[in-house]
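A.B. asks: The following file, start_25.cif, comprises mmCIF, C-alpha atoms and all ligand atoms:
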data_target
#
loop_
_atom_site.group_PDB
_atom_site.id
_atom_site.type_symbol
_atom_site.label_atom_id
_atom_site.label_comp_id
_atom_site.auth_asym_id
_atom_site.auth_seq_id
_atom_site.Cartn_x
_atom_site.Cartn_y
_atom_site.Cartn_z
ATOM 1 C CA MET A 199 -12.363 -4.382 -5.652
ATOM 2 C CA HIS A 200 -9.472 -1.999 -5.414
ATOM 3 C CA HIS A 201 -10.752 1.238 -6.836
ATOM 4 C CA TRP A 202 -13.657 3.384 -7.927
ATOM 5 C CA ARG A 203 -14.165 5.981 -10.638
ATOM 6 C CA ILE A 204 -15.912 9.284 -9.996
ATOM 7 C CA GLY A 205 -16.070 10.981 -13.394
ATOM 8 C CA ALA A 206 -12.457 11.671 -14.401
ATOM 9 C CA VAL A 207 -11.151 10.802 -10.912
ATOM 10 C CA LYS A 208 -9.911 7.391 -9.826
ATOM 11 C CA ILE A 209 -9.781 6.462 -6.145
ATOM 12 C CA THR A 210 -7.700 3.483 -5.059
ATOM 13 C CA ARG A 211 -7.678 1.732 -1.710
ATOM 14 C CA ILE A 212 -4.344 0.628 -0.216
ATOM 15 C CA VAL A 213 -5.128 -1.582 2.785
ATOM 16 C CA GLU A 214 -2.671 -1.715 5.662
ATOM 17 C CA SER A 215 -4.663 -4.078 7.917
ATOM 18 C CA ILE A 216 -8.126 -5.543 8.534
ATOM 19 C CA ASP A 217 -9.229 -6.732 11.971
ATOM 20 C CA THR A 218 -12.360 -8.344 13.425
ATOM 21 C CA PHE A 219 -13.267 -7.714 17.071
ATOM 22 C CA ASP A 220 -15.971 -7.046 19.649
ATOM 23 C CA PRO A 221 -17.669 -3.703 18.886
ATOM 24 C CA ALA A 222 -17.707 -2.738 22.585
ATOM 25 C CA LEU A 223 -13.926 -2.310 22.389
ATOM 26 C CA MET A 224 -14.296 0.883 20.375
ATOM 27 C CA LEU A 225 -18.009 1.756 20.267
ATOM 28 C CA PRO A 226 -19.355 2.230 23.806
ATOM 29 C CA GLY A 227 -23.013 1.223 23.916
ATOM 30 C CA VAL A 228 -22.801 -1.031 20.859
ATOM 31 C CA THR A 229 -22.918 -4.769 21.623
ATOM 32 C CA ALA A 230 -22.166 -7.819 19.524
ATOM 33 C CA PRO A 231 -25.815 -8.990 19.704
ATOM 34 C CA SER A 232 -27.040 -5.582 18.512
ATOM 35 C CA VAL A 233 -24.635 -5.753 15.563
ATOM 36 C CA ALA A 234 -25.590 -9.371 14.781
ATOM 37 C CA ALA A 235 -29.228 -8.239 14.593
ATOM 38 C CA MET A 236 -28.362 -5.848 11.727
ATOM 39 C CA ASP A 237 -28.365 -8.373 8.913
ATOM 40 C CA TRP A 238 -27.379 -5.689 6.382
ATOM 41 C CA LEU A 239 -23.908 -5.590 7.987
ATOM 42 C CA ILE A 240 -23.192 -9.269 7.380
ATOM 43 C CA PRO A 241 -20.937 -10.597 5.898
ATOM 44 C CA HIS A 242 -18.841 -7.616 4.786
ATOM 45 C CA PHE A 243 -18.835 -5.408 7.864
ATOM 46 C CA ALA A 244 -19.551 -7.890 10.660
ATOM 47 C CA ASP A 245 -19.630 -11.619 11.235
ATOM 48 C CA GLU A 246 -22.571 -13.752 12.404
ATOM 49 C CA ARG A 247 -21.443 -13.320 16.021
ATOM 50 C CA GLY A 248 -21.701 -9.553 15.760
ATOM 51 C CA ARG A 249 -17.994 -8.897 15.778
ATOM 52 C CA ILE A 250 -17.185 -5.868 13.624
ATOM 53 C CA ARG A 251 -14.629 -5.793 10.835
ATOM 54 C CA LEU A 252 -12.495 -2.677 10.430
ATOM 55 C CA ALA A 253 -9.806 -1.690 7.961
ATOM 56 C CA ILE A 254 -6.911 0.697 8.201
ATOM 57 C CA GLN A 255 -6.269 1.987 4.706
ATOM 58 C CA ALA A 256 -5.029 4.892 2.627
ATOM 59 C CA LEU A 257 -7.075 6.271 -0.259
ATOM 60 C CA VAL A 258 -5.167 7.438 -3.307
ATOM 61 C CA VAL A 259 -7.029 10.001 -5.409
ATOM 62 C CA GLU A 260 -5.911 10.550 -9.004
ATOM 63 C CA THR A 261 -7.405 13.602 -10.671
ATOM 64 C CA PRO A 262 -6.478 14.878 -14.144
ATOM 65 C CA THR A 263 -3.874 17.153 -12.506
ATOM 66 C CA LYS A 264 -2.988 15.794 -9.042
ATOM 67 C CA LEU A 265 -2.004 12.595 -7.268
ATOM 68 C CA VAL A 266 -3.282 12.849 -3.714
ATOM 69 C CA VAL A 267 -3.037 10.491 -0.723
ATOM 70 C CA ILE A 268 -5.780 10.796 1.897
ATOM 71 C CA ASP A 269 -4.626 9.443 5.287
ATOM 72 C CA THR A 270 -1.519 7.359 5.771
ATOM 73 C CA CYS A 271 -2.386 4.555 8.216
ATOM 74 C CA VAL A 272 -0.217 3.459 11.177
ATOM 75 C CA GLY A 273 3.137 2.935 9.480
ATOM 76 C CA ASN A 274 5.915 0.487 10.158
ATOM 77 C CA GLU A 275 8.327 0.354 13.097
ATOM 78 C CA ARG A 276 6.432 2.821 15.298
ATOM 79 C CA THR A 277 6.931 2.984 19.046
ATOM 80 C CA GLY A 278 4.998 4.703 21.820
ATOM 81 C CA ARG A 279 1.547 4.229 20.255
ATOM 82 C CA GLY A 280 -1.455 4.083 22.570
ATOM 83 C CA LEU A 281 -2.575 0.749 21.159
ATOM 84 C CA PRO A 282 0.239 -1.774 21.703
ATOM 85 C CA HIS A 283 -0.525 -3.724 18.524
ATOM 86 C CA TRP A 284 0.182 -0.588 16.474
ATOM 87 C CA ASN A 285 3.805 -0.642 17.601
ATOM 88 C CA ASN A 286 6.535 -2.267 15.538
ATOM 89 C CA LEU A 287 4.355 -3.147 12.549
ATOM 90 C CA GLN A 288 6.035 -4.693 9.548
ATOM 91 C CA THR A 289 3.384 -4.520 6.829
ATOM 92 C CA ARG A 290 3.809 -4.542 3.056
ATOM 93 C CA PHE A 291 2.116 -1.166 2.653
ATOM 94 C CA LEU A 292 4.857 0.380 0.508
ATOM 95 C CA GLU A 293 5.093 -2.716 -1.663
ATOM 96 C CA ASP A 294 1.322 -2.699 -2.098
ATOM 97 C CA PHE A 295 1.395 1.022 -2.916
ATOM 98 C CA ALA A 296 3.940 0.358 -5.661
ATOM 99 C CA ALA A 297 2.116 -2.754 -6.880
ATOM 100 C CA ALA A 298 -0.996 -0.610 -7.361
ATOM 101 C CA GLY A 299 1.008 1.371 -9.899
ATOM 102 C CA PHE A 300 2.009 4.363 -7.793
ATOM 103 C CA ASP A 301 5.386 6.030 -7.409
ATOM 104 C CA ARG A 302 5.971 7.612 -3.971
ATOM 105 C CA SER A 303 7.924 10.438 -5.558
ATOM 106 C CA ALA A 304 5.029 11.311 -7.884
ATOM 107 C CA VAL A 305 2.566 12.111 -5.078
ATOM 108 C CA ASP A 306 1.658 15.815 -5.173
ATOM 109 C CA VAL A 307 -0.390 16.161 -1.985
ATOM 110 C CA VAL A 308 -0.879 14.241 1.281
ATOM 111 C CA PHE A 309 -3.904 15.197 3.372
ATOM 112 C CA CYS A 310 -4.485 13.719 6.826
ATOM 113 C CA THR A 311 -8.135 14.006 7.904
ATOM 114 C CA HIS A 312 -6.949 14.298 11.506
ATOM 115 C CA LEU A 313 -3.867 13.627 13.595
ATOM 116 C CA HIS A 314 -4.625 10.272 15.216
ATOM 117 C CA SER A 315 -1.765 7.860 14.781
ATOM 118 C CA ASP A 316 -3.634 5.564 12.349
ATOM 119 C CA HIS A 317 -3.951 8.456 9.861
ATOM 120 C CA VAL A 318 -0.443 9.928 9.747
ATOM 121 C CA GLY A 319 1.981 7.002 10.005
ATOM 122 C CA TRP A 320 3.161 6.637 6.427
ATOM 123 C CA ASN A 321 3.788 10.366 6.261
ATOM 124 C CA THR A 322 7.259 9.107 7.021
ATOM 125 C CA MET A 323 9.389 5.989 6.729
ATOM 126 C CA LYS A 324 12.546 4.776 8.380
ATOM 127 C CA ALA A 325 15.841 5.425 6.571
ATOM 128 C CA GLY A 326 18.603 4.010 8.718
ATOM 129 C CA ASP A 327 17.921 5.549 12.127
ATOM 130 C CA ALA A 328 16.108 8.574 10.738
ATOM 131 C CA TRP A 329 12.480 9.261 9.816
ATOM 132 C CA VAL A 330 12.173 10.767 6.341
ATOM 133 C CA PRO A 331 9.130 11.845 4.312
ATOM 134 C CA THR A 332 7.668 8.873 2.430
ATOM 135 C CA PHE A 333 6.446 11.191 -0.322
ATOM 136 C CA PRO A 334 9.457 13.460 -0.865
ATOM 137 C CA ASN A 335 7.888 15.729 -3.493
ATOM 138 C CA ALA A 336 4.474 16.160 -1.865
ATOM 139 C CA ARG A 337 2.983 19.056 0.035
ATOM 140 C CA TYR A 338 1.618 17.673 3.293
ATOM 141 C CA LEU A 339 -1.543 19.531 4.267
ATOM 142 C CA LEU A 340 -2.874 19.750 7.818
ATOM 143 C CA ASN A 341 -5.907 21.718 8.903
ATOM 144 C CA ARG A 342 -4.578 24.488 11.128
ATOM 145 C CA ASP A 343 -7.584 24.040 13.438
ATOM 146 C CA GLU A 344 -6.573 20.401 13.934
ATOM 147 C CA TYR A 345 -2.844 20.945 14.296
ATOM 148 C CA GLU A 346 -2.817 23.872 16.734
ATOM 149 C CA PRO A 347 -5.002 22.374 19.518
ATOM 150 C CA TRP A 348 -3.324 19.003 19.042
ATOM 151 C CA ARG A 349 0.112 20.503 19.358
ATOM 152 C CA ALA A 350 -0.949 22.532 22.410
ATOM 153 C CA THR A 351 -2.008 19.448 24.367
ATOM 154 C CA PRO A 352 0.684 19.085 27.010
ATOM 155 C CA ASP A 353 2.462 15.974 28.131
ATOM 156 C CA ASP A 354 0.722 13.355 26.074
ATOM 157 C CA PRO A 355 3.267 10.634 25.291
ATOM 158 C CA GLY A 356 1.184 9.224 22.427
ATOM 159 C CA ARG A 357 0.906 12.566 20.688
ATOM 160 C CA ASP A 358 4.541 13.385 21.326
ATOM 161 C CA ALA A 359 5.565 10.155 19.618
ATOM 162 C CA VAL A 360 3.381 10.943 16.594
ATOM 163 C CA LEU A 361 4.755 14.472 16.417
ATOM 164 C CA ALA A 362 8.324 13.207 16.589
ATOM 165 C CA ASP A 363 8.175 10.465 13.971
ATOM 166 C CA SER A 364 5.288 11.440 11.649
ATOM 167 C CA ILE A 365 4.989 15.255 11.630
ATOM 168 C CA ALA A 366 8.293 16.866 12.632
ATOM 169 C CA PRO A 367 10.337 15.154 9.884
ATOM 170 C CA VAL A 368 7.885 16.472 7.278
ATOM 171 C CA GLN A 369 8.056 19.950 8.778
ATOM 172 C CA ASP A 370 11.856 19.835 8.955
ATOM 173 C CA ALA A 371 11.937 18.939 5.263
ATOM 174 C CA GLY A 372 9.864 22.044 4.499
ATOM 175 C CA LEU A 373 6.948 20.019 3.181
ATOM 176 C CA LEU A 374 4.250 20.895 5.754
ATOM 177 C CA ASP A 375 1.496 23.418 4.964
ATOM 178 C CA LEU A 376 -0.977 24.469 7.647
ATOM 179 C CA ILE A 377 -4.180 25.307 5.807
ATOM 180 C CA GLY A 378 -7.801 26.279 6.274
ATOM 181 C CA LEU A 379 -10.474 23.973 4.918
ATOM 182 C CA ASP A 380 -11.180 26.425 2.096
ATOM 183 C CA HIS A 381 -7.824 25.378 0.640
ATOM 184 C CA VAL A 382 -8.170 24.237 -2.977
ATOM 185 C CA ILE A 383 -6.067 21.199 -3.927
ATOM 186 C CA CYS A 384 -7.635 20.937 -7.378
ATOM 187 C CA PRO A 385 -11.121 21.532 -8.831
ATOM 188 C CA GLU A 386 -12.367 18.004 -8.054
ATOM 189 C CA ILE A 387 -11.423 17.874 -4.341
ATOM 190 C CA ALA A 388 -13.020 19.818 -1.484
ATOM 191 C CA LEU A 389 -12.263 19.572 2.230
ATOM 192 C CA VAL A 390 -15.341 19.392 4.449
ATOM 193 C CA SER A 391 -15.390 20.261 8.146
ATOM 194 C CA THR A 392 -16.664 17.286 10.199
ATOM 195 C CA PRO A 393 -15.521 18.124 13.752
ATOM 196 C CA GLY A 394 -16.045 16.225 16.990
ATOM 197 C CA HIS A 395 -13.924 13.116 16.619
ATOM 198 C CA THR A 396 -11.090 15.648 16.833
ATOM 199 C CA PRO A 397 -11.303 19.466 16.914
ATOM 200 C CA GLY A 398 -10.357 20.061 13.287
ATOM 201 C CA HIS A 399 -11.417 16.800 11.717
ATOM 202 C CA ALA A 400 -12.187 17.008 7.978
ATOM 203 C CA SER A 401 -13.713 14.730 5.376
ATOM 204 C CA VAL A 402 -13.036 14.921 1.642
ATOM 205 C CA ARG A 403 -15.577 15.445 -1.135
ATOM 206 C CA ILE A 404 -14.740 14.454 -4.696
ATOM 207 C CA THR A 405 -16.830 15.732 -7.599
ATOM 208 C CA SER A 406 -16.261 15.127 -11.291
ATOM 209 C CA GLN A 407 -18.516 15.023 -14.347
ATOM 210 C CA GLY A 408 -21.669 15.079 -12.256
ATOM 211 C CA GLN A 409 -20.596 12.257 -9.934
ATOM 212 C CA THR A 410 -19.796 12.699 -6.250
ATOM 213 C CA ALA A 411 -18.028 10.703 -3.544
ATOM 214 C CA MET A 412 -17.136 11.438 0.052
ATOM 215 C CA ILE A 413 -14.173 10.009 1.945
ATOM 216 C CA SER A 414 -15.328 9.844 5.549
ATOM 217 C CA GLY A 415 -12.225 10.089 7.663
ATOM 218 C CA ASP A 416 -13.356 9.225 11.195
ATOM 219 C CA PHE A 417 -16.651 11.103 11.450
ATOM 220 C CA ILE A 418 -17.874 7.506 11.290
ATOM 221 C CA HIS A 419 -15.794 4.360 11.849
ATOM 222 C CA HIS A 420 -18.198 1.556 11.056
ATOM 223 C CA PRO A 421 -21.525 1.248 9.195
ATOM 224 C CA CYS A 422 -23.243 -0.055 12.372
ATOM 225 C CA GLN A 423 -23.041 3.519 13.720
ATOM 226 C CA MET A 424 -25.616 4.533 11.109
ATOM 227 C CA ALA A 425 -28.329 2.821 13.168
ATOM 228 C CA THR A 426 -27.452 4.863 16.275
ATOM 229 C CA PRO A 427 -25.498 7.965 15.229
ATOM 230 C CA GLU A 428 -25.782 9.439 18.724
ATOM 231 C CA LEU A 429 -23.627 6.749 20.332
ATOM 232 C CA PRO A 430 -19.977 7.788 20.672
ATOM 233 C CA GLN A 431 -16.825 6.324 19.270
ATOM 234 C CA GLY A 432 -14.397 5.751 22.123
ATOM 235 C CA ALA A 433 -11.824 8.246 20.858
ATOM 236 C CA ASP A 434 -14.239 11.114 20.074
ATOM 237 C CA SER A 435 -12.720 14.220 21.681
ATOM 238 C CA ASP A 436 -16.115 15.995 21.884
ATOM 239 C CA ARG A 437 -18.831 13.353 22.001
ATOM 240 C CA ALA A 438 -21.782 15.716 21.650
ATOM 241 C CA LEU A 439 -20.256 17.504 18.665
ATOM 242 C CA ALA A 440 -19.201 14.199 17.081
ATOM 243 C CA ALA A 441 -22.765 12.873 17.410
ATOM 244 C CA THR A 442 -24.224 16.014 15.843
ATOM 245 C CA THR A 443 -21.705 15.870 13.001
ATOM 246 C CA ARG A 444 -22.419 12.174 12.429
ATOM 247 C CA ARG A 445 -26.186 12.631 12.192
ATOM 248 C CA GLU A 446 -26.025 15.793 10.077
ATOM 249 C CA THR A 447 -23.490 14.345 7.664
ATOM 250 C CA LEU A 448 -25.449 11.104 7.272
ATOM 251 C CA GLU A 449 -28.626 13.150 6.807
ATOM 252 C CA ALA A 450 -26.952 15.046 3.965
ATOM 253 C CA LEU A 451 -25.858 11.772 2.330
ATOM 254 C CA ALA A 452 -29.093 9.821 2.811
ATOM 255 C CA GLY A 453 -30.906 8.967 -0.375
ATOM 256 C CA GLN A 454 -28.375 10.879 -2.468
ATOM 257 C CA ASP A 455 -26.323 9.481 -5.313
ATOM 258 C CA ILE A 456 -23.140 10.121 -3.339
ATOM 259 C CA LEU A 457 -20.677 7.272 -2.889
ATOM 260 C CA LEU A 458 -19.520 7.163 0.729
ATOM 261 C CA ILE A 459 -16.036 5.666 0.994
ATOM 262 C CA GLY A 460 -15.463 4.716 4.627
ATOM 263 C CA THR A 461 -11.905 5.295 5.734
ATOM 264 C CA HIS A 462 -12.201 2.409 8.217
ATOM 265 C CA PHE A 463 -14.912 0.436 6.388
ATOM 266 C CA ALA A 464 -13.800 -3.089 5.527
ATOM 267 C CA PRO A 465 -14.075 -4.153 1.875
ATOM 268 C CA PRO A 466 -16.138 -3.387 -0.149
ATOM 269 C CA THR A 467 -15.551 -0.082 1.726
ATOM 270 C CA ALA A 468 -17.914 2.077 -0.358
ATOM 271 C CA GLY A 469 -21.670 2.388 -0.721
ATOM 272 C CA HIS A 470 -24.707 4.528 -0.158
ATOM 273 C CA VAL A 471 -26.536 5.824 2.892
ATOM 274 C CA HIS A 472 -30.283 5.234 3.153
ATOM 275 C CA ARG A 473 -32.840 6.339 5.701
ATOM 276 C CA ALA A 474 -34.103 3.593 8.005
ATOM 277 C CA ALA A 475 -36.579 4.148 10.846
ATOM 278 C CA ASP A 476 -35.338 7.317 12.590
ATOM 279 C CA ALA A 477 -31.742 6.784 11.509
ATOM 280 C CA PHE A 478 -29.828 5.239 8.605
ATOM 281 C CA ARG A 479 -28.339 2.100 7.146
ATOM 282 C CA PHE A 480 -25.589 1.414 4.620
ATOM 283 C CA GLN A 481 -25.862 -0.377 1.323
ATOM 284 C CA ALA A 482 -22.514 -1.551 0.019
ATOM 285 C CA ALA A 483 -22.048 -0.577 -3.599
ATOM 286 C CA ALA A 484 -21.962 -3.318 -6.177
ATOM 287 C CA PRO A 485 -18.728 -3.032 -8.140
ATOM 288 C CA GLN A 486 -20.353 -2.346 -11.507
ATOM 289 C CA THR A 487 -22.198 0.661 -10.082
ATOM 290 C CA VAL A 488 -18.941 2.325 -9.106
ATOM 291 C CA GLY A 489 -16.924 1.651 -12.228
ATOM 292 C CA GLU A 490 -14.598 -1.039 -11.031
ATOM 293 C CA ASP A 491 -11.712 -2.002 -13.273
ATOM 294 C CA GLU A 492 -10.246 -5.391 -12.596
ATOM 295 C CA GLY A 493 -6.595 -6.145 -12.937
ATOM 296 C CA LEU A 494 -5.041 -2.925 -11.712
ATOM 297 C CA GLY A 495 -3.487 -2.997 -8.306
HETATM 298 ZN ZN ZN B 1 -8.897 6.224 12.641
#
Before anything else, please render the file you have as structure tokens.

C.D. replies:
Amino acid sequence: MHHWRIGAVKITRIVESIDTFDPALMLPGVTAPSVAAMDWLIPHFADERGRIRLAIQALVVETPTKLVVIDTCVGNERTGRGLPHWNNLQTRFLEDFAAAGFDRSAVDVVFCTHLHSDHVGWNTMKAGDAWVPTFPNARYLLNRDEYEPWRATPDDPGRDAVLADSIAPVQDAGLLDLIGLDHVICPEIALVSTPGHTPGHASVRITSQGQTAMISGDFIHHPCQMATPELPQGADSDRALAATTRRETLEALAGQDILLIGTHFAPPTAGHVHRAADAFRFQAAAPQTVGEDEGLG
């Protein structure tokens, strides 16, 4: 499945990479045996050994008036990233973006949920020795409350590299808008504050013709976190706030007819949150319930 329909809005997934690994590498307190015991995660989100499966992907939102890209993955040819395997990628992301029927120059808006390097990479692309905006006619929106504290962090080589190759070229081209989360992109899209993973982290709510979806960003990375929302993700900047945000957001989704599209959830990526014991679990959405069209992208 490549996309979902929410009323008059179509949301398409462009996958950059999918990896399978030990949950303890990114979810302190979560073990492979504890994941293997959650049979509702297998086979899509974990394997029988309890290794978790994670995707890095962009979500393209087509409304009647706007073409919007939510998060832009790691990008090709990066250097200086904190995770060594994110350096010097050579993926087919741009080819896949085009094969899905999209024209880079037709994108109206790019919104990055936060400034970690796996969410801003394809803001730019290499042209000769220079970094240029991948989406030359888009407005690139960043939450001011994310950008300012991030930019003020001194002497962080990882952040400096991201600023240099993924943000500054967009700013230099005059395409960057620092916004508040009350910013209106179009009637169907709302930005929702979900802080804790980073100071100004935001998720995205899509509403059309009585249907609703939410694009998570990194308030949650993997469905296994629904069983223990209080446990941190390794990169949470404020673990207590992230835990509160995770539980409250899941509480608001639980039992509702709201399609949660997980920014890092492996295919099938989308589904519904249900209450389970004193926490939650995830039910992946069957394609026919989310309006899948085959054959596009
Ligand atoms: Zn991420």

A.B. asks: What gap, in Å, lies between atom CA of Ala222 of chain A and atom CA of Ile240 of chain A?

C.D. replies: 17.4 Å

A.B. asks: Pick the closest to Phe291 of chain A from A:Ile212, A:Ile250, A:Ala244, A:Met224: which is it, counting all atoms listed in the file?

C.D. replies: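 Nearest to Phe291 of chain A: A:Ile212.
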
A.B. asks: Using all atoms listed in the file, can you tell me which of A:Gly326, A:Gly415, A:Pro430, A:Pro355 comes closest to ligand ZN 1 (chain B)?

C.D. replies: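 Selected residue with least distance to ligand ZN 1 (chain B): A:Gly415.
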
A.B. asks: Mind listing the residues within 10 Å of ligand ZN 1 (chain B), all atoms listed in the file counted, as a compact mmCIF listing (two decimals) with C-alpha atoms, in the frame of the given file?

C.D. replies:
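The result, stored in out_31.txt:
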# COMPACT_ATOMS: atom_id res chain seq x y z
CA LEU A 252 -12.50 -2.68 10.43
CA ALA A 253 -9.81 -1.69 7.96
CA ILE A 254 -6.91 0.70 8.20
CA GLN A 255 -6.27 1.99 4.71
CA ASP A 269 -4.63 9.44 5.29
CA CYS A 271 -2.39 4.56 8.22
CA VAL A 272 -0.22 3.46 11.18
CA THR A 311 -8.14 14.01 7.90
CA HIS A 312 -6.95 14.30 11.51
CA LEU A 313 -3.87 13.63 13.60
CA HIS A 314 -4.62 10.27 15.22
CA SER A 315 -1.76 7.86 14.78
CA ASP A 316 -3.63 5.56 12.35
CA HIS A 317 -3.95 8.46 9.86
CA VAL A 318 -0.44 9.93 9.75
CA HIS A 395 -13.92 13.12 16.62
CA GLY A 415 -12.22 10.09 7.66
CA ASP A 416 -13.36 9.22 11.20
CA PHE A 417 -16.65 11.10 11.45
CA ILE A 418 -17.87 7.51 11.29
CA HIS A 419 -15.79 4.36 11.85
CA ALA A 433 -11.82 8.25 20.86
CA THR A 461 -11.90 5.30 5.73
CA HIS A 462 -12.20 2.41 8.22

A.B. asks: Mind pulling up the distance from atom CA of Ser435 of chain A to atom CA of Val228 of chain A?

C.D. replies: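 It comes out at 18.3 Å.
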
A.B. asks: Is there a way to get, as JSON, numbers by chain, all residues within 12 Å of the point (-20.9, 6.2, -5.5) in file coordinates, counting only C-alpha atoms?

C.D. replies: {"A": [201, 202, 203, 204, 205, 208, 209, 403, 404, 405, 406, 408, 409, 410, 411, 412, 413, 451, 453, 454, 455, 456, 457, 458, 459, 460, 466, 467, 468, 469, 470, 471, 481, 482, 483, 484, 485, 486, 487, 488, 489, 490]}

A.B. asks: Enter the distance from atom CA of Ala359 of chain A to atom CA of Gly273 of chain A, in Å, rounded to one decimal.

C.D. replies: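 These two atoms are separated by 12.7 Å.
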
A.B. asks: Evaluate the PyMOL selection byres (((chain A and resi 251) around 8) and not hetatm) on the structure here and hand back the selected residues as a PyMOL selection string.

C.D. replies: chain A and resi 216-219+242-245+249-250+252-253+463-464

A.B. asks: Point out the residue among A:Thr270, A:Thr277, A:Gln423, A:Thr289 with the least atom-to-atom distance to Tyr338 of chain A, counting all atoms listed in the file.

C.D. replies: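 Of A:Thr270, A:Thr277, A:Gln423, A:Thr289, the one nearest Tyr338 of chain A, counting all atoms listed in the file, is A:Thr270.
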
A.B. asks: Give as a list of chain:residue names each residue that has an atom at most 12 Å from (10.6, 19.8, 3.5) in the file, counting all atoms listed in the file.

C.D. replies: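 Checking each residue against the 12 Å limit leaves A:Asn321, A:Thr322, A:Val330, A:Pro331, A:Thr332, A:Phe333, A:Pro334, A:Asn335, A:Ala336, A:Arg337, A:Tyr338, A:Ile365, A:Ala366, A:Pro367, A:Val368, A:Gln369, A:Asp370, A:Ala371, A:Gly372, A:Leu373, A:Leu374, A:Asp375.
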
A.B. asks: Could you tell me which residues the PyMOL selection byres (((chain A and resi 479) around 12) and not hetatm) returns for this structure, as a count of residues only?

C.D. replies: 31
